[in-house]
>>> print(open('final-v3.cif').read())   # mmCIF, N, CA and C atoms
data_protein
loop_
_atom_site.group_PDB
_atom_site.id
_atom_site.type_symbol
_atom_site.label_atom_id
_atom_site.label_comp_id
_atom_site.auth_asym_id
_atom_site.auth_seq_id
_atom_site.Cartn_x
_atom_site.Cartn_y
_atom_site.Cartn_z
ATOM 1 N N MET P 628 69.826 -9.267 -39.177
ATOM 2 C CA MET P 628 68.478 -9.601 -39.558
ATOM 3 C C MET P 628 67.599 -8.374 -39.394
ATOM 4 N N SER P 629 66.888 -8.053 -40.420
ATOM 5 C CA SER P 629 66.036 -6.883 -40.432
ATOM 6 C C SER P 629 64.579 -7.321 -40.467
ATOM 7 N N LEU P 630 63.773 -6.662 -39.684
ATOM 8 C CA LEU P 630 62.345 -6.990 -39.653
ATOM 9 C C LEU P 630 61.595 -6.111 -40.643
ATOM 10 N N THR P 631 60.689 -6.734 -41.340
ATOM 11 C CA THR P 631 59.874 -5.982 -42.297
ATOM 12 C C THR P 631 58.667 -5.403 -41.574
ATOM 13 N N ASN P 632 57.978 -4.535 -42.277
ATOM 14 C CA ASN P 632 56.748 -3.967 -41.718
ATOM 15 C C ASN P 632 55.727 -5.061 -41.411
ATOM 16 N N GLU P 633 55.684 -6.083 -42.231
ATOM 17 C CA GLU P 633 54.765 -7.190 -42.004
ATOM 18 C C GLU P 633 55.128 -7.948 -40.733
ATOM 19 N N ASP P 634 56.430 -8.131 -40.534
ATOM 20 C CA ASP P 634 56.896 -8.800 -39.312
ATOM 21 C C ASP P 634 56.514 -7.986 -38.076
ATOM 22 N N LEU P 635 56.749 -6.681 -38.150
ATOM 23 C CA LEU P 635 56.416 -5.803 -37.029
ATOM 24 C C LEU P 635 54.913 -5.789 -36.756
ATOM 25 N N LEU P 636 54.124 -5.793 -37.821
ATOM 26 C CA LEU P 636 52.673 -5.833 -37.671
ATOM 27 C C LEU P 636 52.235 -7.142 -37.012
ATOM 28 N N ALA P 637 52.841 -8.253 -37.431
ATOM 29 C CA ALA P 637 52.519 -9.554 -36.849
ATOM 30 C C ALA P 637 52.890 -9.589 -35.367
ATOM 31 N N ILE P 638 54.057 -9.051 -35.037
ATOM 32 C CA ILE P 638 54.486 -8.995 -33.630
ATOM 33 C C ILE P 638 53.520 -8.129 -32.824
ATOM 34 N N SER P 639 53.131 -7.008 -33.396
ATOM 35 C CA SER P 639 52.199 -6.110 -32.722
ATOM 36 C C SER P 639 50.861 -6.805 -32.451
ATOM 37 N N GLN P 640 50.340 -7.509 -33.439
ATOM 38 C CA GLN P 640 49.071 -8.211 -33.268
ATOM 39 C C GLN P 640 49.203 -9.326 -32.238
ATOM 40 N N LEU P 641 50.330 -10.030 -32.243
ATOM 41 C CA LEU P 641 50.582 -11.082 -31.262
ATOM 42 C C LEU P 641 50.633 -10.501 -29.854
ATOM 43 N N MET P 642 51.305 -9.380 -29.715
ATOM 44 C CA MET P 642 51.388 -8.710 -28.408
ATOM 45 C C MET P 642 50.001 -8.275 -27.942
ATOM 46 N N ASP P 643 49.216 -7.704 -28.860
ATOM 47 C CA ASP P 643 47.848 -7.295 -28.510
ATOM 48 C C ASP P 643 47.035 -8.494 -28.043
ATOM 49 N N THR P 644 47.165 -9.608 -28.748
ATOM 50 C CA THR P 644 46.430 -10.824 -28.392
ATOM 51 C C THR P 644 46.864 -11.341 -27.024
ATOM 52 N N LYS P 645 48.152 -11.320 -26.765
ATOM 53 C CA LYS P 645 48.675 -11.811 -25.485
ATOM 54 C C LYS P 645 48.320 -10.875 -24.327
ATOM 55 N N LEU P 646 48.295 -9.582 -24.580
ATOM 56 C CA LEU P 646 48.038 -8.609 -23.511
ATOM 57 C C LEU P 646 46.556 -8.394 -23.220
ATOM 58 N N LYS P 647 45.690 -8.760 -24.145
ATOM 59 C CA LYS P 647 44.247 -8.531 -23.975
ATOM 60 C C LYS P 647 43.707 -9.163 -22.676
ATOM 61 N N PRO P 648 44.032 -10.430 -22.364
ATOM 62 C CA PRO P 648 43.535 -10.995 -21.104
ATOM 63 C C PRO P 648 44.032 -10.235 -19.876
ATOM 64 N N LEU P 649 45.273 -9.762 -19.923
ATOM 65 C CA LEU P 649 45.806 -8.989 -18.801
ATOM 66 C C LEU P 649 45.079 -7.654 -18.664
ATOM 67 N N GLU P 650 44.796 -7.021 -19.765
ATOM 68 C CA GLU P 650 44.051 -5.763 -19.724
ATOM 69 C C GLU P 650 42.651 -5.988 -19.167
ATOM 70 N N ASP P 651 42.013 -7.086 -19.599
ATOM 71 C CA ASP P 651 40.671 -7.396 -19.099
ATOM 72 C C ASP P 651 40.688 -7.643 -17.595
ATOM 73 N N ARG P 652 41.673 -8.422 -17.143
ATOM 74 C CA ARG P 652 41.769 -8.693 -15.700
ATOM 75 C C ARG P 652 42.045 -7.413 -14.920
ATOM 76 N N SER P 653 42.891 -6.577 -15.458
ATOM 77 C CA SER P 653 43.203 -5.309 -14.810
ATOM 78 C C SER P 653 41.945 -4.441 -14.704
ATOM 79 N N LYS P 654 41.185 -4.387 -15.768
ATOM 80 C CA LYS P 654 39.947 -3.597 -15.773
ATOM 81 C C LYS P 654 38.948 -4.157 -14.753
ATOM 82 N N ASN P 655 38.846 -5.504 -14.696
ATOM 83 C CA ASN P 655 37.944 -6.132 -13.726
ATOM 84 C C ASN P 655 38.366 -5.821 -12.293
ATOM 85 N N MET P 656 39.675 -5.827 -12.054
ATOM 86 C CA MET P 656 40.180 -5.495 -10.716
ATOM 87 C C MET P 656 39.863 -4.041 -10.360
ATOM 88 N N GLU P 657 40.042 -3.147 -11.311
ATOM 89 C CA GLU P 657 39.722 -1.740 -11.072
ATOM 90 C C GLU P 657 38.245 -1.572 -10.741
ATOM 91 N N LEU P 658 37.395 -2.265 -11.481
ATOM 92 C CA LEU P 658 35.959 -2.172 -11.219
ATOM 93 C C LEU P 658 35.598 -2.762 -9.862
ATOM 94 N N LEU P 659 36.209 -3.879 -9.517
ATOM 95 C CA LEU P 659 35.966 -4.491 -8.216
ATOM 96 C C LEU P 659 36.373 -3.545 -7.095
ATOM 97 N N LEU P 660 37.542 -2.948 -7.232
ATOM 98 C CA LEU P 660 38.006 -2.007 -6.209
ATOM 99 C C LEU P 660 37.068 -0.811 -6.107
ATOM 100 N N GLU P 661 36.712 -0.269 -7.241
ATOM 101 C CA GLU P 661 35.876 0.933 -7.265
ATOM 102 C C GLU P 661 34.466 0.678 -6.740
ATOM 103 N N ASN P 662 33.875 -0.451 -7.126
ATOM 104 C CA ASN P 662 32.471 -0.694 -6.813
ATOM 105 C C ASN P 662 32.231 -1.505 -5.551
ATOM 106 N N ASP P 663 33.218 -2.252 -5.089
ATOM 107 C CA ASP P 663 32.984 -3.130 -3.952
ATOM 108 C C ASP P 663 33.931 -2.860 -2.789
ATOM 109 N N VAL P 664 35.223 -2.928 -3.047
ATOM 110 C CA VAL P 664 36.200 -2.858 -1.960
ATOM 111 C C VAL P 664 36.265 -1.468 -1.341
ATOM 112 N N ILE P 665 36.380 -0.441 -2.142
ATOM 113 C CA ILE P 665 36.515 0.919 -1.608
ATOM 114 C C ILE P 665 35.273 1.343 -0.817
ATOM 115 N N PRO P 666 34.047 1.111 -1.321
ATOM 116 C CA PRO P 666 32.885 1.452 -0.492
ATOM 117 C C PRO P 666 32.858 0.696 0.835
ATOM 118 N N ARG P 667 33.258 -0.568 0.817
ATOM 119 C CA ARG P 667 33.296 -1.329 2.069
ATOM 120 C C ARG P 667 34.330 -0.756 3.031
ATOM 121 N N LEU P 668 35.493 -0.423 2.512
ATOM 122 C CA LEU P 668 36.526 0.176 3.365
ATOM 123 C C LEU P 668 36.065 1.507 3.943
ATOM 124 N N ASN P 669 35.386 2.292 3.132
ATOM 125 C CA ASN P 669 34.854 3.566 3.630
ATOM 126 C C ASN P 669 33.841 3.327 4.748
ATOM 127 N N ASN P 670 33.015 2.302 4.602
ATOM 128 C CA ASN P 670 32.038 1.980 5.628
ATOM 129 C C ASN P 670 32.730 1.521 6.917
ATOM 130 N N ILE P 671 33.719 0.662 6.769
ATOM 131 C CA ILE P 671 34.477 0.204 7.944
ATOM 132 C C ILE P 671 35.143 1.385 8.631
ATOM 133 N N GLU P 672 35.709 2.276 7.845
ATOM 134 C CA GLU P 672 36.377 3.453 8.411
ATOM 135 C C GLU P 672 35.394 4.333 9.175
ATOM 136 N N SER P 673 34.221 4.560 8.609
ATOM 137 C CA SER P 673 33.249 5.419 9.288
ATOM 138 C C SER P 673 32.758 4.771 10.576
ATOM 139 N N CYS P 674 32.565 3.450 10.552
ATOM 140 C CA CYS P 674 32.157 2.750 11.780
ATOM 141 C C CYS P 674 33.259 2.852 12.835
ATOM 142 N N TYR P 675 34.485 2.658 12.410
ATOM 143 C CA TYR P 675 35.606 2.717 13.335
ATOM 144 C C TYR P 675 35.734 4.109 13.952
ATOM 145 N N THR P 676 35.673 5.145 13.114
ATOM 146 C CA THR P 676 35.861 6.497 13.647
ATOM 147 C C THR P 676 34.718 6.906 14.558
ATOM 148 N N SER P 677 33.473 6.516 14.228
ATOM 149 C CA SER P 677 32.367 6.867 15.114
ATOM 150 C C SER P 677 32.490 6.120 16.444
ATOM 151 N N THR P 678 32.910 4.860 16.397
ATOM 152 C CA THR P 678 33.116 4.101 17.637
ATOM 153 C C THR P 678 34.239 4.720 18.449
ATOM 154 N N TYR P 679 35.296 5.121 17.784
ATOM 155 C CA TYR P 679 36.410 5.761 18.481
ATOM 156 C C TYR P 679 35.940 7.029 19.193
ATOM 157 N N ARG P 680 35.153 7.845 18.499
ATOM 158 C CA ARG P 680 34.654 9.084 19.123
ATOM 159 C C ARG P 680 33.807 8.780 20.351
ATOM 160 N N ARG P 681 32.947 7.767 20.243
ATOM 161 C CA ARG P 681 32.112 7.399 21.400
ATOM 162 C C ARG P 681 32.979 6.952 22.568
ATOM 163 N N TYR P 682 33.975 6.125 22.288
ATOM 164 C CA TYR P 682 34.857 5.666 23.354
ATOM 165 C C TYR P 682 35.665 6.825 23.936
ATOM 166 N N ALA P 683 36.127 7.715 23.085
ATOM 167 C CA ALA P 683 36.889 8.860 23.580
ATOM 168 C C ALA P 683 36.026 9.712 24.505
ATOM 169 N N ASN P 684 34.773 9.949 24.112
ATOM 170 C CA ASN P 684 33.865 10.697 24.979
ATOM 171 C C ASN P 684 33.567 9.908 26.246
ATOM 172 N N GLY P 685 33.414 8.607 26.122
ATOM 173 C CA GLY P 685 33.144 7.761 27.284
ATOM 174 C C GLY P 685 34.287 7.784 28.276
ATOM 175 N N ILE P 686 35.522 7.847 27.781
ATOM 176 C CA ILE P 686 36.681 7.905 28.682
ATOM 177 C C ILE P 686 36.655 9.204 29.476
ATOM 178 N N ASP P 687 36.338 10.306 28.805
ATOM 179 C CA ASP P 687 36.239 11.586 29.523
ATOM 180 C C ASP P 687 35.159 11.507 30.599
ATOM 181 N N GLN P 688 34.026 10.927 30.251
ATOM 182 C CA GLN P 688 32.947 10.785 31.223
ATOM 183 C C GLN P 688 33.369 9.869 32.369
ATOM 184 N N MET P 689 34.068 8.786 32.042
ATOM 185 C CA MET P 689 34.516 7.846 33.061
ATOM 186 C C MET P 689 35.490 8.518 34.024
ATOM 187 N N GLU P 690 36.382 9.327 33.509
ATOM 188 C CA GLU P 690 37.318 10.048 34.371
ATOM 189 C C GLU P 690 36.562 10.999 35.290
ATOM 190 N N ALA P 691 35.527 11.654 34.762
ATOM 191 C CA ALA P 691 34.716 12.549 35.588
ATOM 192 C C ALA P 691 34.002 11.761 36.682
ATOM 193 N N VAL P 692 33.486 10.593 36.343
ATOM 194 C CA VAL P 692 32.803 9.745 37.331
ATOM 195 C C VAL P 692 33.788 9.313 38.408
ATOM 196 N N GLN P 693 35.007 8.935 38.022
ATOM 197 C CA GLN P 693 36.014 8.533 39.004
ATOM 198 C C GLN P 693 36.359 9.694 39.939
ATOM 199 N N THR P 694 36.480 10.876 39.389
ATOM 200 C CA THR P 694 36.757 12.050 40.215
ATOM 201 C C THR P 694 35.621 12.290 41.198
ATOM 202 N N ASP P 695 34.380 12.247 40.677
ATOM 203 C CA ASP P 695 33.215 12.428 41.544
ATOM 204 C C ASP P 695 33.156 11.351 42.621
ATOM 205 N N LEU P 696 33.445 10.118 42.253
ATOM 206 C CA LEU P 696 33.414 9.024 43.213
ATOM 207 C C LEU P 696 34.460 9.219 44.301
ATOM 208 N N GLY P 697 35.634 9.700 43.933
ATOM 209 C CA GLY P 697 36.664 9.987 44.936
ATOM 210 C C GLY P 697 36.196 11.042 45.926
ATOM 211 N N ILE P 698 35.541 12.088 45.411
ATOM 212 C CA ILE P 698 35.018 13.146 46.284
ATOM 213 C C ILE P 698 33.928 12.581 47.196
ATOM 214 N N ILE P 699 33.044 11.763 46.648
ATOM 215 C CA ILE P 699 31.956 11.158 47.432
ATOM 216 C C ILE P 699 32.532 10.272 48.531
ATOM 217 N N LYS P 700 33.581 9.507 48.231
ATOM 218 C CA LYS P 700 34.217 8.667 49.246
ATOM 219 C C LYS P 700 34.766 9.512 50.396
ATOM 220 N N GLN P 701 35.409 10.619 50.030
ATOM 221 C CA GLN P 701 35.960 11.490 51.079
ATOM 222 C C GLN P 701 34.852 12.057 51.949
ATOM 223 N N ILE P 702 33.765 12.494 51.334
ATOM 224 C CA ILE P 702 32.652 13.084 52.084
ATOM 225 C C ILE P 702 32.009 12.031 52.984
ATOM 226 N N ILE P 703 31.812 10.823 52.459
ATOM 227 C CA ILE P 703 31.206 9.760 53.263
ATOM 228 C C ILE P 703 32.110 9.409 54.436
ATOM 229 N N SER P 704 33.397 9.323 54.194
ATOM 230 C CA SER P 704 34.336 9.032 55.288
ATOM 231 C C SER P 704 34.261 10.120 56.354
ATOM 232 N N GLU P 705 34.244 11.352 55.904
ATOM 233 C CA GLU P 705 34.162 12.473 56.859
ATOM 234 C C GLU P 705 32.849 12.430 57.639
ATOM 235 N N HIS P 706 31.752 12.187 56.973
ATOM 236 C CA HIS P 706 30.446 12.114 57.645
ATOM 237 C C HIS P 706 30.400 10.917 58.593
ATOM 238 N N SER P 707 31.004 9.805 58.213
ATOM 239 C CA SER P 707 31.042 8.637 59.099
ATOM 240 C C SER P 707 31.805 8.961 60.374
ATOM 241 N N ARG P 708 32.930 9.646 60.254
ATOM 242 C CA ARG P 708 33.695 10.040 61.437
ATOM 243 C C ARG P 708 32.874 10.959 62.338
ATOM 244 N N LYS P 709 32.187 11.920 61.703
ATOM 245 C CA LYS P 709 31.359 12.858 62.490
ATOM 246 C C LYS P 709 30.222 12.123 63.194
ATOM 247 N N LEU P 710 29.609 11.168 62.496
ATOM 248 C CA LEU P 710 28.509 10.393 63.099
ATOM 249 C C LEU P 710 29.026 9.525 64.262
ATOM 250 N N GLN P 711 30.218 8.986 64.117
ATOM 251 C CA GLN P 711 30.784 8.180 65.200
ATOM 252 C C GLN P 711 31.099 9.041 66.404
ATOM 253 N N MET P 712 31.520 10.250 66.147
ATOM 254 C CA MET P 712 31.816 11.160 67.261
ATOM 255 C C MET P 712 30.532 11.570 67.980
ATOM 256 N N ILE P 713 29.435 11.705 67.234
ATOM 257 C CA ILE P 713 28.157 12.089 67.834
ATOM 258 C C ILE P 713 27.582 10.946 68.650
ATOM 259 N N SER P 714 27.722 9.730 68.180
ATOM 260 C CA SER P 714 27.085 8.607 68.892
ATOM 261 C C SER P 714 27.943 8.005 69.955
#
>>> encode(input="final-v3.cif", output="structure tokens")
Amino acid sequence: MSLTNEDLLAISQLMDTKLKPLEDRSKNMELLLENDVIPRLNNIESCYTSTYRRYANGIDQMEAVQTDLGIIKQIISEHSRKLQMIS
């Protein structure tokens, strides 16, 4: 069985008709991603990274506070012993 040019043209038009809704949906998805989803993801990412940086800096500060507190405890203990010896 051989297809004529008219048959091929009809098949082509049928395929175009059937694929048009898929192309439209694909285009709508691309627009949704470009205009809505990607900007939101970028915003979430920037919030996350800035929060991470703050926490990372806070951990360094917390470690410094713990070190200072350990030194203060030692000094207070030493001063308490000296005060007990004096009294």
>>> axis_aligned_box(input="final-v3.cif", around="region 645-650 of chain P", padding_each_side="8 Å", output="lines of an AutoDock Vina configuration file")
center_x = 45.7
center_y = -8.8
center_z = -22.7
size_x = 22.0
size_y = 22.0
size_z = 24.1
>>> atom_distance(input="final-v3.cif", atom1="atom C of Glu661 (chain P)", atom2="atom N of Ser673 (chain P)")
15.8 Å
>>> atom_distance(input="final-v3.cif", atom1="atom N of Ile665 (chain P)", atom2="atom C of Tyr682 (chain P)")
27.1 Å
>>> atom_distance(input="final-v3.cif", atom1="CA of Ile638 (chain P)", atom2="CA of Asp651 (chain P)")
20.1 Å
>>> build_atoms(input="final-v3.cif", residues="region 645-656 of chain P", atoms="all heavy atoms", output="compact mmCIF listing (two decimals), in the coordinates of the input")
# COMPACT_ATOMS: atom_id res chain seq x y z
N LYS P 645 48.15 -11.32 -26.76
CA LYS P 645 48.68 -11.81 -25.48
C LYS P 645 48.32 -10.88 -24.33
O LYS P 645 48.09 -11.32 -23.21
CB LYS P 645 50.20 -11.99 -25.55
CG LYS P 645 50.66 -13.05 -26.49
CD LYS P 645 50.33 -14.41 -25.95
CE LYS P 645 50.92 -15.49 -26.84
NZ LYS P 645 50.60 -16.82 -26.36
N LEU P 646 48.30 -9.58 -24.58
CA LEU P 646 48.04 -8.61 -23.51
C LEU P 646 46.56 -8.39 -23.22
O LEU P 646 46.20 -7.91 -22.14
CB LEU P 646 48.69 -7.27 -23.85
CG LEU P 646 50.22 -7.26 -23.83
CD1 LEU P 646 50.74 -5.90 -24.25
CD2 LEU P 646 50.73 -7.62 -22.45
N LYS P 647 45.69 -8.76 -24.14
CA LYS P 647 44.25 -8.53 -23.98
C LYS P 647 43.71 -9.16 -22.68
O LYS P 647 43.00 -8.49 -21.92
CB LYS P 647 43.49 -9.05 -25.21
CG LYS P 647 42.00 -8.87 -25.12
CD LYS P 647 41.61 -7.43 -25.20
CE LYS P 647 40.09 -7.31 -25.29
NZ LYS P 647 39.58 -6.15 -24.61
N PRO P 648 44.03 -10.43 -22.36
CA PRO P 648 43.54 -11.00 -21.10
C PRO P 648 44.03 -10.24 -19.88
O PRO P 648 43.29 -10.06 -18.90
CB PRO P 648 44.06 -12.43 -21.11
CG PRO P 648 44.32 -12.75 -22.53
CD PRO P 648 44.71 -11.45 -23.16
N LEU P 649 45.27 -9.76 -19.92
CA LEU P 649 45.81 -8.99 -18.80
C LEU P 649 45.08 -7.65 -18.66
O LEU P 649 44.78 -7.21 -17.54
CB LEU P 649 47.30 -8.76 -18.98
CG LEU P 649 48.18 -9.99 -18.87
CD1 LEU P 649 49.63 -9.63 -19.19
CD2 LEU P 649 48.06 -10.62 -17.51
N GLU P 650 44.80 -7.02 -19.76
CA GLU P 650 44.05 -5.76 -19.72
C GLU P 650 42.65 -5.99 -19.17
O GLU P 650 42.15 -5.19 -18.37
CB GLU P 650 43.97 -5.15 -21.12
CG GLU P 650 45.28 -4.61 -21.63
CD GLU P 650 45.19 -4.14 -23.09
OE1 GLU P 650 44.08 -4.13 -23.66
OE2 GLU P 650 46.24 -3.78 -23.63
N ASP P 651 42.01 -7.09 -19.60
CA ASP P 651 40.67 -7.40 -19.10
C ASP P 651 40.69 -7.64 -17.60
O ASP P 651 39.83 -7.14 -16.86
CB ASP P 651 40.09 -8.62 -19.83
CG ASP P 651 39.79 -8.34 -21.29
OD1 ASP P 651 39.72 -7.15 -21.67
OD2 ASP P 651 39.62 -9.32 -22.05
N ARG P 652 41.67 -8.42 -17.14
CA ARG P 652 41.77 -8.69 -15.70
C ARG P 652 42.04 -7.41 -14.92
O ARG P 652 41.49 -7.19 -13.84
CB ARG P 652 42.85 -9.72 -15.43
CG ARG P 652 42.47 -11.12 -15.90
CD ARG P 652 43.47 -12.13 -15.50
NE ARG P 652 43.41 -12.26 -14.04
CZ ARG P 652 44.20 -13.05 -13.34
NH1 ARG P 652 45.10 -13.78 -13.95
NH2 ARG P 652 44.11 -13.12 -12.03
N SER P 653 42.89 -6.58 -15.46
CA SER P 653 43.20 -5.31 -14.81
C SER P 653 41.94 -4.44 -14.70
O SER P 653 41.68 -3.84 -13.65
CB SER P 653 44.29 -4.58 -15.59
OG SER P 653 44.53 -3.32 -15.05
N LYS P 654 41.18 -4.39 -15.77
CA LYS P 654 39.95 -3.60 -15.77
C LYS P 654 38.95 -4.16 -14.75
O LYS P 654 38.31 -3.40 -14.02
CB LYS P 654 39.34 -3.59 -17.19
CG LYS P 654 38.20 -2.65 -17.33
CD LYS P 654 38.67 -1.24 -17.11
CE LYS P 654 37.72 -0.25 -17.69
NZ LYS P 654 38.10 1.12 -17.36
N ASN P 655 38.85 -5.50 -14.70
CA ASN P 655 37.94 -6.13 -13.73
C ASN P 655 38.37 -5.82 -12.29
O ASN P 655 37.52 -5.57 -11.42
CB ASN P 655 37.87 -7.65 -13.95
CG ASN P 655 37.09 -8.01 -15.19
OD1 ASN P 655 36.27 -7.24 -15.67
ND2 ASN P 655 37.35 -9.19 -15.72
N MET P 656 39.67 -5.83 -12.05
CA MET P 656 40.18 -5.50 -10.72
C MET P 656 39.86 -4.04 -10.36
O MET P 656 39.46 -3.74 -9.24
CB MET P 656 41.69 -5.73 -10.63
CG MET P 656 42.09 -7.19 -10.63
SD MET P 656 41.49 -8.06 -9.18
CE MET P 656 42.43 -7.28 -7.90
